[in-house]
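Enquirer: To start, I am sharing the structure in question, which I have written as structure tokens.
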Amino acid sequence: MKTIVKLIKSAGMAVVAGVFMMACSNALQVSYDYDSAVNLKQFKTFKVEAEHNIEQDPLLGSELNRRRLGDAVVEVMEAKGYKMDTQNPEIVVRFMTDVKDRQQVRSNNMYSPYMWWYGGGNNISTYNYQESRFILNIYQKTTERMIWQGWASGKVKAPTKKEDQNTMIKNTMSDILRSFPQATLDTYSRK
């Protein structure tokens, strides 16, 4: 009997922990696209800058957030083994943010076999929200062609502390760049 109670308690704790982790998880959807004709593993140096000629959201695209985004991209790219080179980079990583107004419509059909007596109906509700997008575009410097693009989109809650904001931005950039390949070591040169 004691083992059954312990088993039920541990199962209950596992369910509570799982629900808590799902509640704390990031609500952003991440995806990417790339040019399959380009070998992405050939690059070793990069430079980071904001995307040109793009109207950005006044809050997400502010100077403070552009600095945070740039610093997060540099940190993640260097963790992947790439070297920052502002003079002669092989790839240029450009970032941008935007916010889109979205609307979700829900319909709850209330049909029953007794609707002739009670009346049937259709309950329709709408929910307006803003969807934020973080977009990274990677260009090959020599051709100025886009070779990789990654993005995260979804509802973003404003962090309450500055440290939380920096962590959220770094985690988002890390999630976006997760599918971008690691830099390969140059084992053939004698530099």
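Residue numbering restarts at 1 in every chain; chains get A, B, ... in the order shown in the structure tokens, and ligands count up from 1 in that same order.
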If you count only C-alpha atoms, which residues fall within 12 Å of A:Asn88, apart from same-chain ones fewer than 5 positions away, as a list in words?

Expert: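 What passes the distance filter is Lys44, Thr45, Phe46, Lys47, Lys83, Gln140, Lys141 and Thr142 of chain A.
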
Enquirer: Would you put the residues from that selection into a file with C-alpha atoms, as a tab-separated table (two decimals), in the first residue's frame?

Expert:
chain	number	residue	atom	x	y	z
A	44	LYS	CA	34.57	31.10	-40.73
A	45	THR	CA	34.23	34.87	-40.26
A	46	PHE	CA	31.18	37.09	-39.86
A	47	LYS	CA	29.94	40.59	-39.23
A	83	LYS	CA	35.23	34.70	-35.66
A	140	GLN	CA	27.55	35.85	-48.49
A	141	LYS	CA	29.77	38.94	-48.53
A	142	THR	CA	31.33	38.36	-51.95

Enquirer: How far is it from atom CA of A:Leu28 to atom CA of A:Glu49, in Å with one decimal?

Expert: 22.8 Å

Enquirer: Pick out the residues sitting within 10 Å of A:Tyr32, and hand them over as a short mmCIF file (atom, residue, chain, number, x, y, z; two decimals) with C-alpha atoms, in the first residue's frame; count only C-alpha atoms, and ignore anything fewer than 3 positions along from it in its own chain.

Expert:
data_model
loop_
_atom_site.label_atom_id
_atom_site.label_comp_id
_atom_site.auth_asym_id
_atom_site.auth_seq_id
_atom_site.Cartn_x
_atom_site.Cartn_y
_atom_site.Cartn_z
CA ILE A 135 14.41 37.54 -38.35
CA LEU A 136 18.05 36.75 -39.14
CA ASN A 137 19.24 37.01 -42.74
CA TRP A 148 20.35 31.47 -45.00
CA GLN A 149 17.33 32.90 -43.21
CA GLY A 150 15.98 32.01 -39.79
CA TRP A 151 13.08 33.44 -37.86
CA ALA A 152 11.10 33.14 -34.68
CA ILE A 176 17.03 30.64 -34.46
CA LEU A 177 20.71 29.84 -35.13
CA ARG A 178 20.47 26.28 -33.80
CA SER A 179 20.08 24.94 -37.35
CA PHE A 180 22.95 27.04 -38.74
#

Enquirer: Provide the atom CA of A:Arg106 to atom CA of A:Ser125 distance in Å, to one decimal place.

Expert: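 Atom-to-atom, atom CA of A:Arg106 and atom CA of A:Ser125 are spaced 5.2 Å apart.
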
Enquirer: Find the spatial neighbours of stretch 126-132 of chain A, counting only C-alpha atoms, within a cut-off of 7 Å - ignore same-chain residues fewer than 2 positions away - and output them as a list in words.

Expert: Asp98, Val99, Lys100, Asp101, Arg102, Gln103, Gln104, Val105, Arg106, Ile124, Phe134, Ser153, Gly154, Lys155 and Val156 of chain A

Enquirer: Between atom CA of A:Tyr139 and atom CA of A:Pro181, measure the distance and give it in Å to one decimal.

Expert: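 Pair atom CA of A:Tyr139 / atom CA of A:Pro181 returns 14.6 Å.
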
Enquirer: When distances are computed from only C-alpha atoms, which of A:Lys41, A:Arg94, A:Lys170, A:Lys161 shows the smallest separation from A:Met146?

Expert: A:Arg94

Enquirer: Determine, counting only C-alpha atoms, which protein, DNA and RNA residues have an atom within 7 Å of an atom of stretch 59-76 of chain A; residues of the same chain fewer than 6 positions away are not included. Present the result as a ChimeraX atom specification.

Expert: /A:48-49,97,166,169-170,173-174

Enquirer: Atoms to include: C-alpha atoms. Write the selected residues as a PDB file, in the first residue's frame.

Expert:
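Writing done, so here's again-v8.pdb:
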ATOM      1  CA  VAL A  48      26.628  41.623 -37.630  1.00  0.00           C
ATOM      2  CA  GLU A  49      24.457  44.585 -38.571  1.00  0.00           C
ATOM      3  CA  THR A  97      12.186  42.695 -35.847  1.00  0.00           C
ATOM      4  CA  ASN A 166      18.851  39.941 -22.260  1.00  0.00           C
ATOM      5  CA  ILE A 169      16.863  37.749 -26.583  1.00  0.00           C
ATOM      6  CA  LYS A 170      19.948  35.524 -26.334  1.00  0.00           C
ATOM      7  CA  MET A 173      18.832  34.096 -31.192  1.00  0.00           C
ATOM      8  CA  SER A 174      20.270  30.768 -30.048  1.00  0.00           C
TER       9      SER A 174
END

Enquirer: Determine, counting only C-alpha atoms, which protein, DNA and RNA residues have an atom within 7 Å of an atom of A:Ile147; residues of the same chain fewer than 2 positions away are not included. Present the result as a VMD selection string.

Expert: chain A and resid 34 to 35 38 138 to 140 145

Enquirer: Could you write out the selected residues, including C-alpha atoms, as a JSON list (two decimals), in the first residue's frame?

Expert:
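Below is the file that was written, result_8.json:
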[["chain", "number", "residue", "atom", "x", "y", "z"],
["A", 34, "TYR", "CA", 18.68, 28.18, -46.90],
["A", 35, "ASP", "CA", 20.27, 28.10, -50.34],
["A", 38, "VAL", "CA", 25.92, 27.00, -51.06],
["A", 138, "ILE", "CA", 22.73, 35.75, -43.58],
["A", 139, "TYR", "CA", 24.39, 37.00, -46.76],
["A", 140, "GLN", "CA", 27.55, 35.85, -48.49],
["A", 145, "ARG", "CA", 23.20, 36.99, -51.95]]
